[in-house]
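Content type compact mmCIF, C-alpha atoms, from the file input-v2.txt:
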# COMPACT_ATOMS: atom_id res chain seq x y z
CA MET A 1 106.79 156.52 69.78
CA PRO A 2 110.21 156.79 71.46
CA SER A 3 112.66 154.00 70.69
CA ILE A 4 114.28 151.86 73.39
CA ASN A 5 117.71 150.33 73.39
CA ARG A 6 118.55 146.64 73.90
CA ARG A 7 119.33 147.03 77.62
CA GLU A 8 116.01 148.77 78.25
CA PHE A 9 114.22 146.09 76.25
CA MET A 10 115.81 143.33 78.31
CA ALA A 11 114.96 145.16 81.53
CA LEU A 12 111.35 145.46 80.47
CA GLY A 13 111.28 141.79 79.57
CA LEU A 14 112.75 140.83 82.94
CA ALA A 15 110.24 143.00 84.78
CA ALA A 16 107.40 141.46 82.80
CA GLY A 17 108.71 138.00 83.64
CA VAL A 18 108.91 138.86 87.31
CA ALA A 19 105.37 140.23 87.21
CA VAL A 20 104.06 137.08 85.54
CA ALA A 21 105.86 134.90 88.07
CA ALA A 22 104.47 136.99 90.92
CA GLN A 23 100.96 136.68 89.51
CA ALA A 24 101.40 132.93 89.13
CA GLN A 25 102.67 132.67 92.71
CA GLN A 26 99.75 134.77 93.94
CA LYS A 27 97.30 132.49 92.15
CA GLU A 28 99.05 129.46 93.63
CA ASN A 29 98.91 130.99 97.10
CA GLU A 30 95.22 131.69 96.64
CA LYS A 31 94.73 127.99 95.94
CA SER A 32 96.72 126.99 99.03
CA ILE A 33 95.15 126.41 102.41
CA ARG A 34 96.04 129.43 104.56
CA VAL A 35 97.56 128.30 107.86
CA GLY A 36 97.84 130.40 110.99
CA LEU A 37 100.20 129.34 113.78
CA ILE A 38 99.63 129.77 117.50
CA GLY A 39 102.60 129.24 119.77
CA HIS A 40 103.66 130.40 123.20
CA THR A 41 107.38 130.51 123.82
CA GLY A 42 108.17 129.47 127.38
CA ARG A 43 104.91 127.54 127.71
CA GLY A 44 105.45 124.69 125.35
CA ASN A 45 106.58 126.83 122.40
CA TYR A 46 105.35 125.31 119.11
CA GLY A 47 105.19 121.73 120.31
CA HIS A 48 107.05 119.14 118.32
CA GLY A 49 107.49 121.17 115.15
CA LEU A 50 103.92 122.28 114.56
CA ASP A 51 105.30 125.53 113.14
CA VAL A 52 107.52 123.98 110.45
CA MET A 53 105.46 120.88 109.64
CA TRP A 54 103.54 122.75 106.93
CA GLN A 55 106.67 122.95 104.80
CA GLN A 56 106.14 119.22 104.29
CA VAL A 57 102.40 119.45 103.58
CA ALA A 58 101.67 120.33 99.97
CA GLY A 59 98.82 122.75 99.34
CA THR A 60 99.36 124.83 102.46
CA GLN A 61 100.88 128.24 103.12
CA VAL A 62 101.72 129.69 106.54
CA VAL A 63 100.32 133.23 106.50
CA ALA A 64 100.81 134.42 110.11
CA VAL A 65 102.09 133.45 113.53
CA ALA A 66 100.99 134.47 117.03
CA ASP A 67 103.11 134.25 120.18
CA ALA A 68 102.65 136.20 123.43
CA ASP A 69 106.42 136.15 124.01
CA ALA A 70 108.03 138.97 121.99
CA ALA A 71 111.41 137.31 121.53
CA GLY A 72 109.80 134.00 120.65
CA LEU A 73 107.52 135.71 118.14
CA GLU A 74 110.40 137.38 116.35
CA ALA A 75 112.36 134.12 116.22
CA ALA A 76 109.35 132.32 114.79
CA ARG A 77 108.80 135.02 112.16
CA LYS A 78 112.41 134.71 111.00
CA LYS A 79 112.20 130.92 110.89
CA LEU A 80 109.07 131.16 108.77
CA GLY A 81 110.43 133.66 106.26
CA GLY A 82 109.11 136.86 107.78
CA VAL A 83 105.39 136.16 107.93
CA PRO A 84 103.27 138.67 109.87
CA GLY A 85 103.46 138.24 113.63
CA TYR A 86 100.92 138.93 116.39
CA ALA A 87 101.24 139.06 120.16
CA ASP A 88 97.53 138.19 120.49
CA TYR A 89 96.31 135.09 118.69
CA ARG A 90 92.74 136.39 118.73
CA LYS A 91 93.81 139.44 116.74
CA MET A 92 95.66 137.21 114.31
CA LEU A 93 92.57 135.05 113.82
CA ALA A 94 90.36 138.11 113.26
CA GLU A 95 92.66 139.93 110.82
CA VAL A 96 94.26 137.09 108.84
CA ARG A 97 91.27 134.70 108.78
CA PRO A 98 93.30 131.50 108.28
CA GLN A 99 91.50 128.39 107.08
CA VAL A 100 93.57 126.06 109.25
CA VAL A 101 95.17 126.79 112.62
CA ALA A 102 98.01 124.89 114.29
CA VAL A 103 97.81 125.12 118.08
CA GLY A 104 101.38 124.41 119.06
CA PRO A 105 102.00 124.95 122.80
CA ARG A 106 102.67 121.75 124.73
CA TYR A 107 101.21 123.34 127.86
CA VAL A 108 97.69 122.01 127.85
CA ASP A 109 96.00 124.67 130.00
CA GLU A 110 95.76 127.09 127.05
CA HIS A 111 94.32 124.60 124.57
CA LEU A 112 90.63 125.06 125.31
CA ALA A 113 90.67 128.84 124.85
CA MET A 114 92.82 128.63 121.71
CA ILE A 115 90.61 125.98 120.11
CA LEU A 116 87.35 127.78 120.87
CA ALA A 117 88.79 131.06 119.56
CA ALA A 118 89.78 129.35 116.32
CA VAL A 119 86.35 127.76 115.95
CA ASP A 120 84.65 131.11 116.58
CA ALA A 121 86.89 132.70 113.94
CA GLY A 122 85.50 130.34 111.30
CA VAL A 123 88.48 128.07 110.62
CA ARG A 124 87.92 124.85 108.74
CA GLY A 125 90.54 122.78 110.50
CA ILE A 126 92.74 122.68 113.61
CA TYR A 127 95.90 120.66 114.22
CA ILE A 128 96.74 120.61 117.93
CA GLU A 129 99.65 119.39 120.02
CA LYS A 130 98.99 116.68 122.58
CA PRO A 131 97.84 116.32 125.32
CA PHE A 132 94.46 117.36 123.97
CA CYS A 133 92.95 119.11 127.00
CA ARG A 134 92.81 118.71 130.78
CA THR A 135 89.39 117.34 131.66
CA PRO A 136 86.38 115.55 130.18
CA ALA A 137 84.42 118.80 130.65
CA GLU A 138 86.89 120.67 128.42
CA ALA A 139 86.75 117.84 125.89
CA ASP A 140 82.94 118.00 125.91
CA ALA A 141 83.06 121.71 125.12
CA ILE A 142 85.52 121.20 122.26
CA VAL A 143 83.58 118.31 120.72
CA GLU A 144 80.36 120.33 120.85
CA ALA A 145 81.94 123.45 119.33
CA CYS A 146 83.71 121.59 116.52
CA GLU A 147 80.68 119.53 115.57
CA LYS A 148 78.35 122.53 115.66
CA GLN A 149 80.58 124.49 113.25
CA ASN A 150 81.81 121.41 111.31
CA VAL A 151 85.43 122.17 112.16
CA LYS A 152 87.82 119.27 111.63
CA LEU A 153 90.25 118.94 114.53
CA ALA A 154 93.23 116.59 114.47
CA ILE A 155 95.36 115.78 117.52
CA ALA A 156 99.11 115.40 117.03
CA HIS A 157 99.35 111.76 118.11
CA ARG A 158 101.59 111.10 115.13
CA ASN A 159 101.80 107.34 115.76
CA ARG A 160 98.05 107.09 115.09
CA TYR A 161 98.65 108.35 111.55
CA HIS A 162 101.40 105.81 110.86
CA PRO A 163 100.22 103.74 107.86
CA ALA A 164 101.80 100.57 109.31
CA LEU A 165 98.98 100.53 111.86
CA ASN A 166 96.68 99.20 109.16
CA THR A 167 99.16 96.40 108.43
CA VAL A 168 99.36 95.51 112.13
CA SER A 169 95.58 95.55 112.47
CA THR A 170 95.25 93.13 109.54
CA LEU A 171 97.89 90.83 111.01
CA VAL A 172 96.05 90.68 114.32
CA LYS A 173 92.71 89.99 112.62
CA ASP A 174 94.33 87.26 110.50
CA GLY A 175 95.68 85.50 113.60
CA ALA A 176 99.38 86.31 113.23
CA ILE A 177 99.73 86.32 117.03
CA GLY A 178 96.94 83.84 117.73
CA LYS A 179 94.19 84.90 120.11
CA LEU A 180 94.80 88.45 121.35
CA LEU A 181 94.92 88.26 125.15
CA GLU A 182 95.92 91.70 126.40
CA LEU A 183 97.50 95.05 125.61
CA ARG A 184 100.40 96.35 127.72
CA GLY A 185 101.76 99.88 127.52
CA ARG A 186 104.40 101.88 129.35
CA GLY A 187 105.55 105.49 129.33
CA LYS A 188 109.09 106.81 128.98
CA GLU A 189 109.61 106.34 132.75
CA ASP A 190 112.18 109.12 133.03
CA ALA A 191 112.07 111.81 135.74
CA ARG A 192 108.46 112.51 134.73
CA GLY A 193 107.52 108.88 135.41
CA GLY A 194 104.17 108.20 136.98
CA SER A 195 101.38 110.75 136.64
CA LEU A 196 103.04 113.31 134.37
CA ASP A 197 104.34 110.51 132.15
CA LEU A 198 100.78 109.21 131.89
CA TRP A 199 99.59 112.61 130.72
CA VAL A 200 102.35 113.69 128.38
CA LEU A 201 103.51 110.39 126.86
CA GLY A 202 100.98 107.83 128.00
CA SER A 203 98.40 109.70 125.95
CA HIS A 204 100.14 108.30 122.84
CA VAL A 205 99.84 104.79 124.22
CA LEU A 206 96.21 105.10 125.30
CA ASN A 207 95.33 106.44 121.86
CA LEU A 208 96.54 103.15 120.36
CA VAL A 209 94.78 101.13 123.08
CA HIS A 210 91.57 102.78 121.90
CA PHE A 211 92.42 101.95 118.27
CA PHE A 212 93.04 98.25 118.89
CA ALA A 213 90.67 97.45 121.77
CA GLY A 214 87.82 99.89 121.27
CA ALA A 215 86.18 102.17 123.80
CA PRO A 216 87.07 101.72 127.48
CA LEU A 217 84.34 100.40 129.76
CA SER A 218 86.02 100.80 133.14
CA CYS A 219 89.29 101.61 134.90
CA THR A 220 90.90 100.28 138.06
CA ALA A 221 94.12 102.01 139.09
CA THR A 222 96.70 102.59 141.79
CA VAL A 223 98.68 105.84 141.97
CA LEU A 224 101.62 105.91 144.36
CA GLN A 225 104.09 108.47 145.65
CA ASP A 226 107.32 106.80 146.73
CA ARG A 227 105.52 103.43 146.88
CA LYS A 228 102.67 104.73 149.06
CA PRO A 229 99.14 105.67 147.92
CA ILE A 230 98.90 109.37 147.15
CA THR A 231 97.22 111.70 149.65
CA LYS A 232 95.99 115.29 149.51
CA ALA A 233 99.40 116.39 150.75
CA ASP A 234 101.01 114.95 147.60
CA VAL A 235 98.83 116.94 145.20
CA LYS A 236 100.59 119.85 143.49
CA ASP A 237 100.79 121.59 140.14
CA GLY A 238 101.63 118.88 137.68
CA GLY A 239 103.69 120.95 135.29
CA GLU A 240 103.12 121.56 131.57
CA GLY A 241 99.70 122.95 132.41
CA VAL A 242 98.05 119.61 133.21
CA GLY A 243 96.63 120.87 136.52
CA PRO A 244 96.62 119.25 139.99
CA LEU A 245 98.66 116.06 139.98
CA ALA A 246 100.32 113.55 142.30
CA GLY A 247 102.23 110.30 142.08
CA ASN A 248 105.52 109.08 140.67
CA GLU A 249 104.14 105.60 140.01
CA VAL A 250 101.00 104.57 138.09
CA HIS A 251 99.45 101.14 137.52
CA ALA A 252 96.16 101.05 135.60
CA ARG A 253 93.90 98.39 134.10
CA PHE A 254 91.15 99.13 131.58
CA GLU A 255 88.29 96.90 130.50
CA THR A 256 87.37 97.55 126.86
CA GLU A 257 84.41 96.95 124.58
CA SER A 258 86.37 94.29 122.70
CA GLY A 259 86.81 92.27 125.88
CA ILE A 260 90.60 92.69 125.69
CA PRO A 261 92.07 94.11 128.92
CA ALA A 262 94.62 96.90 128.56
CA PHE A 263 97.28 97.91 131.07
CA PHE A 264 99.37 101.04 131.47
CA ASP A 265 102.27 101.37 133.88
CA SER A 266 104.84 104.05 134.57
CA VAL A 267 107.45 104.32 137.32
CA ALA A 268 109.70 107.35 137.67
CA ASN A 269 113.34 106.67 136.85
CA ALA A 270 112.62 103.00 136.24
CA GLY A 271 116.12 102.38 134.91
CA ALA A 272 116.23 101.94 131.15
CA LYS A 273 114.72 105.25 130.00
CA ASN A 274 112.44 104.88 126.95
CA ALA A 275 112.94 101.10 126.91
CA GLY A 276 109.28 100.38 127.49
CA PHE A 277 107.75 103.40 125.77
CA GLY A 278 105.17 101.81 123.56
CA LEU A 279 102.41 99.24 123.40
CA GLN A 280 102.58 95.46 123.14
CA LEU A 281 99.79 93.34 121.69
CA ILE A 282 100.17 89.98 123.43
CA GLY A 283 98.59 86.89 121.92
CA THR A 284 98.73 83.13 122.33
CA ALA A 285 101.06 82.76 119.33
CA GLY A 286 103.19 85.89 119.45
CA VAL A 287 103.67 89.52 120.37
CA ILE A 288 103.52 92.66 118.25
CA ASP A 289 105.49 95.55 119.71
CA LEU A 290 104.77 99.16 118.76
CA ARG A 291 107.59 101.62 119.52
CA MET A 292 106.35 105.18 119.95
CA ASP A 293 108.05 107.75 117.72
CA THR A 294 110.62 105.32 116.29
CA GLU A 295 111.23 103.48 113.04
CA PRO A 296 110.65 100.64 112.46
CA PHE A 297 107.43 101.36 114.28
CA ALA A 298 106.29 97.75 114.67
CA HIS A 299 107.94 94.36 115.25
CA LEU A 300 106.62 90.79 115.43
CA LEU A 301 107.93 88.14 117.83
CA PRO A 302 106.37 84.79 116.92
CA GLY A 303 105.64 82.06 119.46
CA ASN A 304 103.70 81.77 122.70
CA PRO A 305 105.18 84.45 124.98
CA PHE A 306 104.42 82.44 128.10
CA GLN A 307 106.20 79.29 126.96
CA PRO A 308 110.03 79.22 127.23
CA VAL A 309 111.87 77.58 124.32
CA ARG A 310 115.51 76.72 123.71
CA GLU A 311 115.67 78.20 120.22
CA PRO A 312 116.16 82.00 120.11
CA ARG A 313 113.24 84.06 118.87
CA THR A 314 113.78 87.04 116.59
CA TRP A 315 111.92 90.32 116.47
CA THR A 316 111.06 91.00 112.81
CA PRO A 317 110.16 94.51 111.62
CA ILE A 318 106.70 95.11 110.17
CA SER A 319 106.50 97.58 107.30
CA THR A 320 103.45 98.83 105.45
CA ALA A 321 104.11 95.95 103.02
CA GLY A 322 104.12 93.25 105.70
CA VAL A 323 106.32 91.28 108.08
CA GLY A 324 110.00 91.35 107.18
CA LYS A 325 109.41 93.27 103.95
CA PRO A 326 111.25 96.47 102.98
CA GLU A 327 109.33 99.69 103.55
CA PRO A 328 107.99 100.83 100.15
CA ILE A 329 107.13 104.35 101.26
CA GLU A 330 110.14 106.61 100.83
CA ALA A 331 111.25 108.57 103.91
CA LEU A 332 108.24 107.32 105.87
CA ALA A 333 109.85 107.97 109.25
CA LYS A 334 110.47 111.61 108.39
CA GLN A 335 106.93 112.03 107.09
CA VAL A 336 105.44 110.63 110.30
CA MET A 337 107.77 112.38 112.75
CA SER A 338 107.39 115.76 111.04
CA HIS A 339 103.58 115.49 111.32
CA ALA A 340 103.31 115.65 107.52
CA VAL A 341 101.16 112.50 107.50
CA GLY A 342 98.88 113.93 110.17
CA GLY A 343 98.67 117.27 108.39
CA ARG A 344 97.71 115.62 105.12
CA ASP A 345 95.03 113.56 106.89
CA LEU A 346 93.56 116.77 108.31
CA LEU A 347 93.34 118.31 104.84
CA ALA A 348 91.75 115.12 103.49
CA ALA A 349 89.24 115.16 106.35
CA ILE A 350 88.25 118.72 105.40
CA ARG A 351 87.83 117.77 101.72
CA GLU A 352 85.97 114.53 102.47
CA ASP A 353 83.90 115.94 105.35
CA ARG A 354 84.97 113.21 107.78
CA SER A 355 86.72 113.06 111.13
CA PRO A 356 90.52 112.98 111.11
CA LEU A 357 92.08 109.68 112.20
CA CYS A 358 92.59 111.19 115.65
CA GLY A 359 89.73 113.64 116.07
CA PRO A 360 88.12 115.36 119.08
CA ARG A 361 86.01 112.37 120.07
CA ASP A 362 89.13 110.20 120.08
CA GLY A 363 90.88 112.85 122.14
CA ARG A 364 88.02 112.86 124.62
CA VAL A 365 88.43 109.11 125.12
CA ILE A 366 92.12 109.58 125.93
CA VAL A 367 91.40 112.41 128.37
CA GLU A 368 88.73 110.33 130.10
CA MET A 369 91.08 107.36 130.40
CA ILE A 370 93.74 109.52 132.04
CA ASN A 371 91.28 111.18 134.40
CA ALA A 372 89.78 107.78 135.25
CA VAL A 373 93.15 106.66 136.65
CA PHE A 374 93.06 109.43 139.25
CA GLU A 375 89.34 109.02 139.92
CA SER A 376 89.88 105.33 140.66
CA GLN A 377 92.71 106.14 143.07
CA ARG A 378 90.61 108.86 144.71
CA LEU A 379 87.95 106.25 145.41
CA GLY A 380 90.42 103.78 146.91
CA SER A 381 91.33 102.05 143.63
CA ALA A 382 87.67 101.32 142.95
CA ARG A 383 86.37 100.26 139.55
CA VAL A 384 85.30 103.42 137.69
CA PRO A 385 82.89 103.00 134.75
CA PHE A 386 82.83 105.07 131.55
CA PRO A 387 81.71 107.67 130.75
CA LEU A 388 83.00 109.39 133.86
CA THR A 389 80.35 110.98 136.05
CA LYS A 390 82.75 113.64 137.28
CA ARG A 391 83.82 115.74 134.31
CA GLN A 392 86.34 117.90 136.22
CA ALA A 393 89.86 116.99 137.38
CA PRO A 394 89.51 114.26 140.05
CA LEU A 395 92.35 115.55 142.22
CA SER A 396 90.65 118.94 142.50
CA VAL A 397 87.20 117.70 143.51
CA GLY A 398 87.86 115.45 146.49
CA GLY A 399 90.28 113.58 148.68
Hey, can you dump this file as structure tokens for me?
Amino acid sequence: MPSINRREFMALGLAAGVAVAAQAQQKENEKSIRVGLIGHTGRGNYGHGLDVMWQQVAGTQVVAVADADAAGLEAARKKLGGVPGYADYRKMLAEVRPQVVAVGPRYVDEHLAMILAAVDAGVRGIYIEKPFCRTPAEADAIVEACEKQNVKLAIAHRNRYHPALNTVSTLVKDGAIGKLLELRGRGKEDARGGSLDLWVLGSHVLNLVHFFAGAPLSCTATVLQDRKPITKADVKDGGEGVGPLAGNEVHARFETESGIPAFFDSVANAGAKNAGFGLQLIGTAGVIDLRMDTEPFAHLLPGNPFQPVREPRTWTPISTAGVGKPEPIEALAKQVMSHAVGGRDLLAAIREDRSPLCGPRDGRVIVEMINAVFESQRLGSARVPFPLTKRQAPLSVGG
């Protein structure tokens, strides 16, 4: 047997170590949930970080990315460490066979096809950017497909996954704000104010209305363009793939199964951009304010909101530990904003065979609530009951 010198021996040892490490990494990767990414640069890209969120979700590994834009695809591949890239997401789904798919584009008109393709490819879970889809009919198709194949779908309404929601819910049930009288939400009210704000940002708010007040029973709404009721002449492409749209001012009222009325309002360029973006729970003994996509997420203002007092009232933050208590969860804001909390809930839903906290049925409720606003206006601000009879976009099916 030929002898080897010390340098050769060390080289062999190093190579063996590298091989062992590679085998260990391969075994670890095999244990990880394989994630495929679908983006579309120029049409909503990868949403609010749905490409990089998986770096914060333990037990997952991004294995491929698809993007119909060549430059966007190459940029995404580099950002993700050189994973395989595909121009056609259907080819990626067929060849890579990911277990979970992130549907990233913010433009909602591609969501239905991307979701159904992922379901047909046999994925176990889908994490999708909001808005969910365009019409109740699309939502019906998604719900049916996911439930038939037992695919867990989670919508990226990251505020719904915020653990402080449970604290707020307990406070309301325990009477911290007295008798709950109403819910009031507003959009960002920037240049998109009105109808597009309702779709893109109001969907966050309506998701929390559903959480606190239960299913909607009816909607009565007014949609205005420059302070006048919208007409056929005002209808145009709404942008971001939402379909036919009109109105730079929206005022809507929902009756809910809990008996608590909920309101949503948005006016374009209302003045203080983002100031009202959120939901307020108004009771006889106080108000709880939920700020979308901010931290602290929730605040309590004690006292009857309709009764002026001389003494100043103070908004007190609500953490997962309670009112005025330090947040015990480290870096909670980052975990929520990066979608890590939502991603982990999706994985837990797959393991536990349950719906994610914001699943397809929840998404369908939001889509119906938005469409109901336009259906009410189309019918002269009439009261529109749920579920909606018309399952297509109201502004495309009548005057």
| said: I'd like the interatomic distance between atom CA of Leu80 of chain A and atom CA of Val62 of chain A, to a tenth of an Å. | reply: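 Spanning atom CA of Leu80 of chain A to atom CA of Val62 of chain A is a straight-line distance of 7.8 Å.
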| query | For Ala117 of chain A, which of A:Leu346, A:Ala213, A:Ala137, A:Leu93 is the closest residue, counting all atoms listed in the file? | reply |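 The closest residue to Ala117 of chain A is A:Leu93.
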| Given all atoms listed in the file as the counted atoms, nearest of A:Pro385, A:Gly342, A:Pro216, A:Pro312 to Phe254 of chain A | A:Pro216
| Using all atoms listed in the file: which of A:Leu281, A:Ala268, A:Ala262, A:Ala215 has the shortest distance to Pro387 of chain A |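 Ranked by minimum distance to Pro387 of chain A, first place goes to A:Ala215.
Nearest residue to Val341 of chain A, choosing from A:Arg310, A:Arg90, A:Lys152, A:His157 and counting all atoms listed in the file: A:His157.
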| Hey, what's within 7 Å of His339 of chain A if we count only C-alpha atoms and toss same-chain stuff fewer than 4 positions away? As a PyMOL selection string, please? | chain A and resi 53+158+335+343
| Hey, can you pull every residue with an atom no more than 8 Å from (90.3, 119.7, 131.6), using only C-alpha atoms, and send it as number ranges by chain? | A: 109, 133-139, 242, 392-393
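Taking all atoms listed in the file into account, Asn207 of chain A lies nearest to A:Asn159 out of the set A:Val101, A:Asn159, A:Gly72, A:Arg391.
Distances to Thr320 of chain A were evaluated for A:Leu379, A:Leu196, A:Val168, A:Ile128 using only C-alpha atoms, and the minimum falls at A:Val168.
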| Nearby residues, (101.0, 130.0, 110.7) file frame, 12 Å, only C-alpha atoms, as a PyMOL selection string | chain A and resi 33-39+46+49-55+60-67+73+76-77+79-86+89+92-93+96-104+126-127
| query | How many Å lie between atom CA of Gln225 of chain A and atom CA of Thr256 of chain A, rounded to one decimal? | reply |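 Value for the atom CA of Gln225 of chain A-atom CA of Thr256 of chain A distance: 27.4 Å.
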| field | All residues 9 Å or closer to Ala272 of chain A, all atoms listed in the file, same chain fewer than 4 positions away omitted, as a list in words | value | Lys188, Glu189, Asp190 and Gly276 of chain A
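Relative to atom CA of Pro244 of chain A, atom CA of Ile366 of chain A is found at 17.6 Å.
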| request: Identify, on the basis of only C-alpha atoms, every residue whose closest approach to Leu395 of chain A does not exceed 12 Å; exclude the query and any residue fewer than 3 positions from it along the same chain; express the result as a PyMOL selection string. | output: chain A and resi 134-135+195+223+230-238+242-247+370-379+390-392+398-399
| query | Near Gly283 of chain A, counting all atoms listed in the file, which residues have an atom at most 9 Å away, once you skip same-chain residues fewer than 3 positions from it, shown as number ranges by chain? | reply | A: 172, 175-182, 286-288, 303-305
